[in-house]
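S.K.: So I've got this file, my_file_25.csv, and it contains CSV, C-alpha atoms:
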chain,number,residue,atom,x,y,z
A,1,MET,CA,23.2,10.2,-3.0
A,2,ARG,CA,22.9,6.9,-4.8
A,3,LEU,CA,22.7,5.1,-1.5
A,4,LEU,CA,19.4,6.9,-1.0
A,5,GLN,CA,18.0,5.4,-4.3
A,6,PRO,CA,17.2,1.9,-2.9
A,7,VAL,CA,15.7,3.5,0.2
A,8,VAL,CA,13.4,5.7,-1.9
A,9,ALA,CA,12.4,2.7,-4.0
A,10,ALA,CA,11.6,0.8,-0.8
A,11,MET,CA,9.3,3.7,0.4
A,12,VAL,CA,7.5,3.6,-3.0
A,13,ALA,CA,7.1,-0.1,-2.7
A,14,ILE,CA,5.7,0.1,0.8
A,15,LEU,CA,3.2,2.8,-0.2
A,16,ALA,CA,2.0,0.8,-3.2
A,17,GLY,CA,1.7,-2.3,-1.1
A,18,TYR,CA,-0.2,-0.9,1.8
A,19,SER,CA,-2.5,1.3,-0.3
A,20,GLY,CA,-4.4,-1.7,-1.7
A,21,SER,CA,-3.6,-4.9,0.1
A,22,VAL,CA,-4.4,-3.8,3.6
A,23,VAL,CA,-7.8,-2.8,2.5
A,24,ILE,CA,-8.5,-6.5,1.6
A,25,ILE,CA,-7.4,-7.6,5.0
A,26,PHE,CA,-9.8,-5.0,6.5
A,27,GLN,CA,-12.6,-6.4,4.3
A,28,ALA,CA,-12.0,-9.9,5.4
A,29,ALA,CA,-12.0,-8.8,9.0
A,30,GLN,CA,-15.3,-7.0,8.5
A,31,ALA,CA,-16.9,-10.0,6.7
A,32,ALA,CA,-15.9,-12.2,9.7
A,33,HIS,CA,-17.0,-9.6,12.3
A,34,LEU,CA,-13.5,-9.7,13.9
A,35,SER,CA,-12.9,-7.3,16.8
A,36,SER,CA,-10.6,-4.3,16.3
A,37,GLU,CA,-8.0,-6.1,18.6
A,38,LEU,CA,-7.9,-9.1,16.3
A,39,LEU,CA,-7.6,-7.0,13.2
A,40,SER,CA,-4.8,-5.0,14.8
A,41,SER,CA,-3.0,-8.2,15.7
A,42,TRP,CA,-3.5,-9.5,12.1
A,43,ILE,CA,-1.9,-6.4,10.6
A,44,TRP,CA,0.9,-6.5,13.2
A,45,ALA,CA,1.6,-10.2,12.4
A,46,VAL,CA,1.8,-9.9,8.6
A,47,SER,CA,3.8,-6.6,8.8
A,48,PHE,CA,6.2,-7.9,11.5
A,49,GLY,CA,6.8,-11.2,9.6
A,50,SER,CA,7.3,-9.4,6.3
A,51,GLY,CA,9.8,-7.0,8.0
A,52,VAL,CA,11.8,-9.7,9.8
A,53,CYS,CA,12.1,-11.9,6.7
A,54,GLY,CA,12.9,-9.0,4.4
A,55,VAL,CA,15.7,-7.6,6.5
A,56,VAL,CA,17.3,-11.0,7.4
A,57,LEU,CA,17.0,-12.6,3.9
A,58,SER,CA,18.3,-9.4,2.1
A,59,LEU,CA,21.3,-9.3,4.5
A,60,VAL,CA,22.1,-13.0,4.2
A,61,HIS,CA,21.7,-13.3,0.4
A,62,ARG,CA,22.9,-9.8,-0.4
A,63,ALA,CA,19.9,-9.5,-2.7
A,64,PRO,CA,16.8,-7.2,-2.6
A,65,VAL,CA,14.4,-9.9,-1.2
A,66,SER,CA,10.9,-8.4,-1.0
A,67,VAL,CA,8.6,-10.2,1.3
A,68,ALA,CA,4.9,-9.4,1.8
A,69,TRP,CA,1.7,-11.0,2.9
A,70,SER,CA,-0.4,-13.1,0.5
A,71,THR,CA,-2.9,-10.7,-1.1
A,72,PRO,CA,-4.8,-13.4,-3.0
A,73,GLY,CA,-4.9,-15.3,0.3
A,74,ALA,CA,-6.5,-12.4,2.0
A,75,ALA,CA,-9.0,-12.1,-0.9
A,76,LEU,CA,-9.9,-15.8,-0.4
A,77,LEU,CA,-10.5,-15.1,3.3
A,78,VAL,CA,-13.1,-12.4,2.5
A,79,VAL,CA,-15.4,-15.3,1.4
A,80,SER,CA,-14.1,-18.1,3.6
A,81,LEU,CA,-13.7,-16.5,7.0
A,82,PRO,CA,-17.4,-16.0,7.7
A,83,ASN,CA,-18.1,-19.7,7.3
A,84,VAL,CA,-15.7,-20.9,10.1
A,85,THR,CA,-14.8,-19.8,13.6
A,86,TYR,CA,-11.7,-17.7,14.0
A,87,PRO,CA,-9.7,-20.5,15.8
A,88,GLU,CA,-10.6,-22.8,13.0
A,89,ALA,CA,-9.2,-20.3,10.5
A,90,ILE,CA,-6.0,-20.1,12.5
A,91,GLY,CA,-5.8,-23.9,12.4
A,92,ALA,CA,-6.1,-23.8,8.6
A,93,TYR,CA,-3.3,-21.2,8.4
A,94,VAL,CA,-1.0,-23.5,10.4
A,95,VAL,CA,-2.0,-26.5,8.1
A,96,ALA,CA,-1.4,-24.5,4.9
A,97,TRP,CA,2.1,-23.4,5.9
A,98,ALA,CA,3.1,-26.7,7.4
A,99,ALA,CA,2.2,-28.2,4.0
A,100,ILE,CA,4.3,-25.6,2.2
A,101,LEU,CA,7.2,-26.2,4.6
A,102,LEU,CA,7.0,-29.9,4.0
A,103,LEU,CA,7.1,-29.4,0.2
A,104,ALA,CA,10.1,-27.1,0.5
A,105,VAL,CA,12.1,-29.3,2.9
A,106,THR,CA,11.5,-32.6,0.9
A,107,GLY,CA,12.1,-31.0,-2.4
A,108,LEU,CA,8.6,-31.7,-3.7
A,109,PHE,CA,7.9,-28.0,-4.3
A,110,ASP,CA,8.6,-28.1,-8.1
A,111,ARG,CA,6.8,-31.5,-8.5
A,112,VAL,CA,3.6,-30.1,-7.1
A,113,MET,CA,3.8,-27.3,-9.6
A,114,LYS,CA,3.9,-29.8,-12.4
A,115,ILE,CA,0.9,-31.7,-11.1
A,116,VAL,CA,-1.4,-28.6,-11.0
A,117,PRO,CA,-1.4,-26.9,-14.5
A,118,VAL,CA,-0.5,-23.2,-14.3
A,119,SER,CA,-3.7,-22.4,-16.3
A,120,ILE,CA,-5.9,-24.1,-13.7
A,121,ALA,CA,-4.2,-22.5,-10.7
A,122,GLN,CA,-4.3,-19.0,-12.3
A,123,ALA,CA,-7.9,-19.5,-13.3
A,124,MET,CA,-8.7,-20.3,-9.6
A,125,LEU,CA,-6.8,-17.2,-8.6
A,126,ALA,CA,-8.6,-15.0,-11.0
A,127,GLY,CA,-12.0,-16.5,-9.9
A,128,ILE,CA,-11.1,-15.6,-6.2
A,129,LEU,CA,-10.3,-12.1,-7.1
A,130,PHE,CA,-13.1,-11.5,-9.6
A,131,ARG,CA,-15.7,-10.4,-7.0
A,132,PHE,CA,-13.4,-7.5,-5.9
A,133,GLY,CA,-13.3,-6.1,-9.4
A,134,ALA,CA,-17.1,-6.5,-9.8
A,135,ASP,CA,-17.6,-4.8,-6.4
A,136,THR,CA,-15.9,-1.7,-7.7
A,137,PHE,CA,-18.7,-1.1,-10.2
A,138,ILE,CA,-21.4,-2.2,-7.7
A,139,SER,CA,-20.1,0.5,-5.4
A,140,ALA,CA,-20.2,2.9,-8.3
A,141,GLY,CA,-24.0,2.4,-8.4
A,142,ARG,CA,-24.3,3.4,-4.7
A,143,GLN,CA,-21.7,6.2,-4.7
A,144,PRO,CA,-21.4,7.3,-8.4
A,145,LEU,CA,-19.6,10.6,-7.7
A,146,MET,CA,-16.9,9.2,-5.4
A,147,VAL,CA,-16.2,5.9,-7.1
A,148,GLY,CA,-16.5,7.4,-10.6
A,149,ALA,CA,-13.8,10.0,-9.6
A,150,MET,CA,-11.6,7.3,-8.2
A,151,ILE,CA,-11.8,5.3,-11.5
A,152,LEU,CA,-10.9,8.4,-13.4
A,153,ILE,CA,-7.9,9.1,-11.1
A,154,TYR,CA,-6.9,5.5,-11.6
A,155,LEU,CA,-6.9,5.7,-15.4
A,156,ALA,CA,-5.0,9.0,-15.4
A,157,ALA,CA,-2.4,7.8,-12.9
A,158,ARG,CA,-1.9,4.5,-14.8
A,159,ARG,CA,-1.1,6.7,-17.9
A,160,LEU,CA,1.1,9.2,-16.1
A,161,LEU,CA,2.4,7.8,-12.8
A,162,PRO,CA,1.7,4.0,-12.8
A,163,ARG,CA,3.8,3.3,-9.7
A,164,PHE,CA,1.7,5.7,-7.6
A,165,ALA,CA,-1.7,4.8,-9.2
A,166,ILE,CA,-3.3,3.0,-6.2
A,167,SER,CA,-1.8,5.5,-3.7
A,168,LEU,CA,-3.2,8.4,-5.6
A,169,VAL,CA,-6.6,6.7,-5.9
A,170,LEU,CA,-6.7,6.1,-2.2
A,171,LEU,CA,-5.8,9.7,-1.4
A,172,GLY,CA,-8.3,11.0,-3.9
A,173,GLY,CA,-11.0,8.9,-2.5
A,174,ILE,CA,-10.3,9.9,1.0
A,175,ALA,CA,-10.3,13.6,0.0
A,176,ILE,CA,-13.7,13.3,-1.8
A,177,ALA,CA,-15.2,11.3,1.1
A,178,ALA,CA,-14.0,13.9,3.6
A,179,PHE,CA,-15.3,16.8,1.5
A,180,ARG,CA,-18.7,15.2,1.4
A,181,GLY,CA,-18.7,14.5,5.2
A,182,GLN,CA,-18.6,10.7,4.8
A,183,THR,CA,-15.5,10.1,7.0
A,184,ASP,CA,-15.3,9.9,10.8
A,185,PHE,CA,-11.7,10.2,12.1
A,186,SER,CA,-12.7,11.1,15.6
A,187,HIS,CA,-11.8,7.6,16.9
A,188,VAL,CA,-8.4,7.5,15.1
A,189,ALA,CA,-5.5,7.9,17.5
A,190,LEU,CA,-1.8,6.9,17.6
A,191,ASN,CA,-2.1,3.4,19.3
A,192,PHE,CA,0.4,0.6,19.4
A,193,ALA,CA,-0.6,-2.8,18.2
A,194,VAL,CA,-1.0,-5.6,20.8
A,195,PRO,CA,-0.5,-9.1,19.4
A,196,VAL,CA,-3.4,-11.4,20.4
A,197,LEU,CA,-2.7,-15.1,20.7
A,198,THR,CA,-5.4,-17.5,19.4
A,199,VAL,CA,-5.2,-21.2,20.1
A,200,PRO,CA,-5.7,-23.0,16.7
A,201,ASP,CA,-8.6,-25.4,16.2
A,202,PHE,CA,-8.0,-28.0,13.6
A,203,THR,CA,-11.0,-29.1,11.6
A,204,LEU,CA,-11.3,-30.9,8.3
A,205,GLY,CA,-13.7,-28.4,6.8
A,206,ALA,CA,-11.4,-25.4,7.4
A,207,ALA,CA,-8.4,-27.4,6.1
A,208,ILE,CA,-10.2,-28.1,2.8
A,209,ASN,CA,-11.9,-24.8,2.4
A,210,ILE,CA,-9.0,-22.5,3.5
A,211,ALA,CA,-5.7,-24.4,3.8
A,212,VAL,CA,-5.7,-26.1,0.4
A,213,PRO,CA,-6.5,-23.0,-1.7
A,214,LEU,CA,-4.5,-20.7,0.5
A,215,ALA,CA,-1.4,-22.9,0.0
A,216,LEU,CA,-2.0,-23.2,-3.7
A,217,VAL,CA,-2.4,-19.4,-4.4
A,218,ALA,CA,0.6,-18.7,-2.2
A,219,ILE,CA,2.8,-21.1,-4.3
A,220,THR,CA,1.4,-20.2,-7.8
A,221,GLY,CA,0.3,-16.6,-7.3
A,222,GLN,CA,3.2,-15.2,-5.2
A,223,TYR,CA,6.2,-17.5,-4.7
A,224,LEU,CA,6.7,-18.3,-8.4
A,225,PRO,CA,6.3,-14.7,-9.7
A,226,GLY,CA,8.4,-13.4,-6.8
A,227,LEU,CA,11.3,-15.8,-7.5
A,228,ALA,CA,11.0,-15.1,-11.2
A,229,VAL,CA,11.5,-11.3,-10.6
A,230,LEU,CA,14.7,-12.1,-8.5
A,231,ARG,CA,16.0,-14.4,-11.2
A,232,GLY,CA,15.2,-11.9,-13.9
A,233,ALA,CA,17.2,-9.2,-12.1
A,234,GLY,CA,20.2,-11.5,-12.0
A,235,TYR,CA,20.0,-12.9,-8.4
A,236,THR,CA,20.4,-16.6,-7.9
A,237,VAL,CA,18.7,-17.3,-4.6
A,238,ALA,CA,17.9,-20.9,-3.8
A,239,PRO,CA,14.1,-21.3,-3.7
A,240,ARG,CA,14.2,-24.0,-1.0
A,241,GLY,CA,16.0,-21.7,1.5
A,242,LEU,CA,13.6,-18.8,0.9
A,243,VAL,CA,10.4,-20.9,1.1
A,244,THR,CA,11.6,-22.7,4.2
A,245,SER,CA,12.6,-19.5,6.0
A,246,ILE,CA,9.4,-17.5,5.1
A,247,GLY,CA,7.2,-20.5,5.6
A,248,SER,CA,8.6,-21.1,9.1
A,249,VAL,CA,7.9,-17.5,10.1
A,250,SER,CA,4.4,-17.7,8.7
A,251,MET,CA,3.6,-20.8,10.7
A,252,LEU,CA,5.0,-19.2,13.9
A,253,LEU,CA,2.9,-16.1,13.5
A,254,ALA,CA,-0.3,-17.8,12.4
A,255,PRO,CA,-1.7,-17.9,16.0
A,256,PHE,CA,-1.5,-14.1,16.0
A,257,GLY,CA,-3.5,-13.8,12.8
A,258,CYS,CA,-0.9,-14.1,10.1
A,259,HIS,CA,-2.6,-15.8,7.1
A,260,GLY,CA,0.8,-16.1,5.3
A,261,ILE,CA,3.7,-14.1,4.0
A,262,THR,CA,5.5,-14.9,0.7
A,263,THR,CA,8.0,-13.5,-1.7
A,264,ALA,CA,6.4,-10.5,-3.4
A,265,ALA,CA,6.3,-9.8,-7.1
A,266,ILE,CA,5.2,-6.2,-7.8
A,267,THR,CA,7.1,-4.6,-4.9
A,268,ALA,CA,10.1,-6.9,-5.7
A,269,ALA,CA,10.3,-5.3,-9.2
A,270,LEU,CA,10.4,-1.9,-7.6
A,271,ILE,CA,13.5,-2.6,-5.5
A,272,ALA,CA,15.3,-5.2,-7.7
A,273,GLY,CA,15.4,-3.2,-10.9
A,274,PRO,CA,17.9,-0.6,-12.2
A,275,ASP,CA,15.7,2.3,-11.0
A,276,ALA,CA,16.5,1.2,-7.4
A,277,HIS,CA,20.3,1.4,-7.9
A,278,PRO,CA,22.5,1.2,-11.0
A,279,ASP,CA,24.8,-1.3,-9.2
A,280,PRO,CA,23.1,-4.6,-8.6
A,281,ARG,CA,25.4,-5.3,-5.7
A,282,ARG,CA,23.9,-2.3,-3.8
A,283,ARG,CA,20.2,-3.1,-4.3
A,284,TRP,CA,20.1,-5.3,-1.2
A,285,ILE,CA,19.8,-2.1,0.7
A,286,GLY,CA,16.3,-1.7,-0.7
A,287,GLY,CA,15.3,-5.0,0.8
A,288,VAL,CA,16.7,-4.1,4.2
A,289,ALA,CA,15.0,-0.6,4.0
A,290,MET,CA,11.7,-2.1,3.0
A,291,GLY,CA,11.8,-4.7,5.8
A,292,SER,CA,12.7,-2.0,8.3
A,293,LEU,CA,9.7,0.1,7.2
A,294,TYR,CA,7.4,-2.9,7.6
A,295,LEU,CA,8.7,-3.3,11.2
A,296,LEU,CA,8.0,0.3,11.9
A,297,ILE,CA,4.4,0.1,10.5
A,298,ALA,CA,3.8,-3.1,12.5
A,299,ILE,CA,4.1,-1.1,15.7
A,300,PHE,CA,1.1,1.1,14.7
A,301,GLY,CA,-1.2,-1.7,13.5
A,302,ALA,CA,-4.1,-0.5,15.7
A,303,THR,CA,-3.9,3.0,14.2
A,304,LEU,CA,-4.0,1.6,10.7
A,305,ALA,CA,-7.0,-0.5,11.5
A,306,ALA,CA,-8.9,2.5,13.0
A,307,LEU,CA,-8.0,4.6,9.9
A,308,PHE,CA,-9.6,2.2,7.5
A,309,ALA,CA,-12.6,1.8,9.8
A,310,ALA,CA,-13.3,5.5,9.4
A,311,LEU,CA,-13.7,5.3,5.6
A,312,PRO,CA,-17.0,4.5,3.7
A,313,ARG,CA,-17.5,0.9,2.6
A,314,GLU,CA,-17.9,1.9,-1.0
A,315,LEU,CA,-14.4,3.6,-0.9
A,316,ILE,CA,-12.9,0.4,0.6
A,317,ALA,CA,-14.6,-1.8,-2.0
A,318,ALA,CA,-13.5,0.5,-4.9
A,319,ILE,CA,-9.8,0.7,-3.8
A,320,ALA,CA,-9.6,-3.1,-3.3
A,321,GLY,CA,-11.1,-3.8,-6.7
A,322,LEU,CA,-8.8,-1.3,-8.5
A,323,ALA,CA,-5.8,-2.5,-6.7
A,324,LEU,CA,-6.5,-6.1,-7.9
A,325,LEU,CA,-7.2,-5.3,-11.5
A,326,GLY,CA,-3.6,-6.2,-12.5
A,327,ALA,CA,-3.7,-9.5,-10.6
A,328,ILE,CA,-7.1,-10.4,-12.2
A,329,LEU,CA,-5.8,-9.5,-15.7
A,330,GLY,CA,-2.6,-11.5,-15.1
A,331,GLY,CA,-4.5,-14.5,-13.8
A,332,LEU,CA,-6.9,-14.6,-16.8
A,333,SER,CA,-4.1,-14.1,-19.3
A,334,ALA,CA,-2.1,-17.0,-17.9
A,335,ALA,CA,-5.3,-19.1,-17.6
A,336,LEU,CA,-6.3,-18.7,-21.2
A,337,ALA,CA,-2.8,-18.7,-22.8
A,338,ASP,CA,-2.6,-22.4,-23.5
A,339,ALA,CA,-5.3,-23.4,-26.0
A,340,ARG,CA,-5.2,-27.0,-24.8
A,341,GLN,CA,-6.1,-26.0,-21.3
A,342,ARG,CA,-8.5,-23.1,-22.1
A,343,ASP,CA,-11.8,-25.0,-21.6
A,344,ALA,CA,-10.8,-26.4,-18.2
A,345,ALA,CA,-9.4,-23.1,-17.1
A,346,LEU,CA,-12.6,-21.3,-18.0
A,347,ILE,CA,-14.6,-23.9,-16.1
A,348,THR,CA,-12.3,-23.4,-13.1
A,349,PHE,CA,-12.7,-19.6,-13.3
A,350,LEU,CA,-16.5,-19.7,-13.6
A,351,CYS,CA,-16.9,-22.2,-10.7
A,352,THR,CA,-14.6,-20.3,-8.4
A,353,ALA,CA,-16.1,-16.9,-9.3
A,354,SER,CA,-19.7,-18.2,-8.7
A,355,GLY,CA,-19.1,-18.5,-4.9
A,356,MET,CA,-21.0,-21.8,-4.9
A,357,THR,CA,-21.0,-24.0,-1.8
A,358,LEU,CA,-21.6,-27.8,-2.0
A,359,ALA,CA,-21.3,-30.3,0.8
A,360,GLY,CA,-20.0,-27.6,3.0
A,361,LEU,CA,-17.0,-27.0,0.7
A,362,GLY,CA,-16.3,-23.6,-0.9
A,363,ALA,CA,-16.1,-22.4,-4.5
A,364,ALA,CA,-12.2,-22.3,-4.6
A,365,PHE,CA,-12.0,-26.0,-3.7
A,366,TRP,CA,-14.7,-27.0,-6.1
A,367,GLY,CA,-13.2,-24.8,-8.9
A,368,LEU,CA,-9.9,-26.7,-8.5
A,369,VAL,CA,-11.5,-30.1,-8.4
A,370,ILE,CA,-13.9,-29.6,-11.3
A,371,GLY,CA,-11.2,-27.8,-13.4
A,372,LEU,CA,-8.7,-30.7,-12.9
A,373,SER,CA,-11.4,-33.2,-13.7
A,374,ALA,CA,-12.3,-31.3,-16.9
A,375,GLN,CA,-8.7,-31.1,-17.9
A,376,PHE,CA,-8.3,-34.9,-17.4
A,377,VAL,CA,-11.4,-35.7,-19.4
A,378,LEU,CA,-10.5,-33.4,-22.3
A,379,THR,CA,-6.8,-34.4,-22.6
A,380,PHE,CA,-6.6,-38.1,-21.4
A,381,ARG,CA,-5.5,-40.6,-24.0
A,382,ARG,CA,-5.0,-44.3,-23.7
A,383,PRO,CA,-1.5,-45.4,-24.2
A,384,ALA,CA,-1.0,-47.1,-27.6
Kindly transcribe the structure held in the file into structure tokens.
M.R.:
Amino acid sequence: MRLLQPVVAAMVAILAGYSGSVVIIFQAAQAAHLSSELLSSWIWAVSFGSGVCGVVLSLVHRAPVSVAWSTPGAALLVVSLPNVTYPEAIGAYVVAWAAILLLAVTGLFDRVMKIVPVSIAQAMLAGILFRFGADTFISAGRQPLMVGAMILIYLAARRLLPRFAISLVLLGGIAIAAFRGQTDFSHVALNFAVPVLTVPDFTLGAAINIAVPLALVAITGQYLPGLAVLRGAGYTVAPRGLVTSIGSVSMLLAPFGCHGITTAAITAALIAGPDAHPDPRRRWIGGVAMGSLYLLIAIFGATLAALFAALPRELIAAIAGLALLGAILGGLSAALADARQRDAALITFLCTASGMTLAGLGAAFWGLVIGLSAQFVLTFRRPA
């Protein structure tokens, strides 16, 4: 019976992961006017990559390695994708993961983390995600009954069943929308995903606007928390090997729409803790089970894309915002924790959240540049 515990934990983690983060991919695809075929390929690529890495790495390291796509990266693409062509975006994905691979192989991964202060990186992350939280309440103005009920469900679930909060909100929102006749499932059918290969187009603008912030949020917002969860659970897995393996798969799948997969944090906590299994030596089963479920879902990427297309825009915006509240809170808390870096972090957050564009470069890039410049001005001292 206890062998089923890690499998059940993996199912809970998958449910929690797909309930919120797939919605953000769908929003990014909508913003860029991608076809249903490209969206289906995107979902297939991130699911397939997460599944392969989760199964293989959990078996090799005998640890519950949880791998998932970069949710902050997908949030960044909601704003960035409409400003470039899709082949240019694919080229930026390749550049981002080639850079992360280079850092991992050369051992510079930790040094980069010391160059960019945690507060600045987290402030940029919070600024990227801010619009999703704000859109929840903008949607409430358009659909007060549906979104208001979803917020109430979220608060009640956070109090009583925090693990299932986003899943319950999604189900509640769908039920309300269906009752009011705002859903159209007539086009939803059980279809297999067909990977679509896109030849990358490498441009400087896409590399600066997408690749740089995409790599940075992957390192600071996902790799570090994910590795910290594993270490906290007592598993000593070499970061270089994990980053190299996952980064290689990300780069190989980029032409099929994969914007990047990384170690996960929230879902990792679900399969790496004592609730998954009392014996730490058995928890690797949860990693294998989770990866296997990812591979199963990858097959039906087209069905998943059609399902979300049948839902109202306000429901999509609300579930995305509520799913990211924890990430926004975590980013702001880390950004403002150090009093010496608080001013620069606040400037970074405001610049990134503003959505400004200057000289063809986006807000995430300028938030990072202006924040680092502010930190330098405020803390620089001449040597005695």
S.K.: Counting only C-alpha atoms, what is within 12 Å of Ala149 in chain A, bar same-chain residues fewer than 6 positions away, as number ranges by chain?
M.R.: A: 140, 143, 155-156, 168-177, 315, 318-319
S.K.: Using Å and a single decimal, report how far CA of Leu57 in chain A sits from CA of Gly287 in chain A.
M.R.: 8.4 Å
S.K.: Measuring atom to atom with only C-alpha atoms, identify which of A:Ala29, A:Leu358, A:Leu160, A:Ile90 is nearest to Ala207 in chain A.
M.R.: A:Ile90
S.K.: Compare A:Leu190, A:Leu216, A:Val65, A:Ala306 by their minimum atom-to-atom distance to Glu37 in chain A, counting all atoms listed in the file, and give me the closest one.
M.R.: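 Between A:Leu190, A:Leu216, A:Val65, A:Ala306, the residue approaching Glu37 in chain A most closely is A:Ala306.
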S.K.: In Å to one decimal, how far is CA of Ala157 in chain A from CA of Arg180 in chain A?
M.R.: 22.9 Å
S.K.: Taking all atoms listed in the file into account, which of A:Ile285, A:Val194, A:Leu332, A:Ile316 comes nearest Gln30 in chain A?
M.R.: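 Going through A:Ile285, A:Val194, A:Leu332, A:Ile316 one by one, the smallest distance to Gln30 in chain A is for A:Ile316.
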S.K.: Given all atoms listed in the file as the basis, pick out the residue of A:Gly362, A:Pro82, A:Pro195, A:Gly331 nearest to Trp44 in chain A.
M.R.: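 Comparing A:Gly362, A:Pro82, A:Pro195, A:Gly331 against Trp44 in chain A, the winner is A:Pro195.
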S.K.: Fewer than 5 positions away in the same chain doesn't count, so skip those; otherwise give me all residues within 7 Å of Met251 in chain A, counting all atoms listed in the file, as a PyMOL selection string.
M.R.: chain A and resi 94+97-98
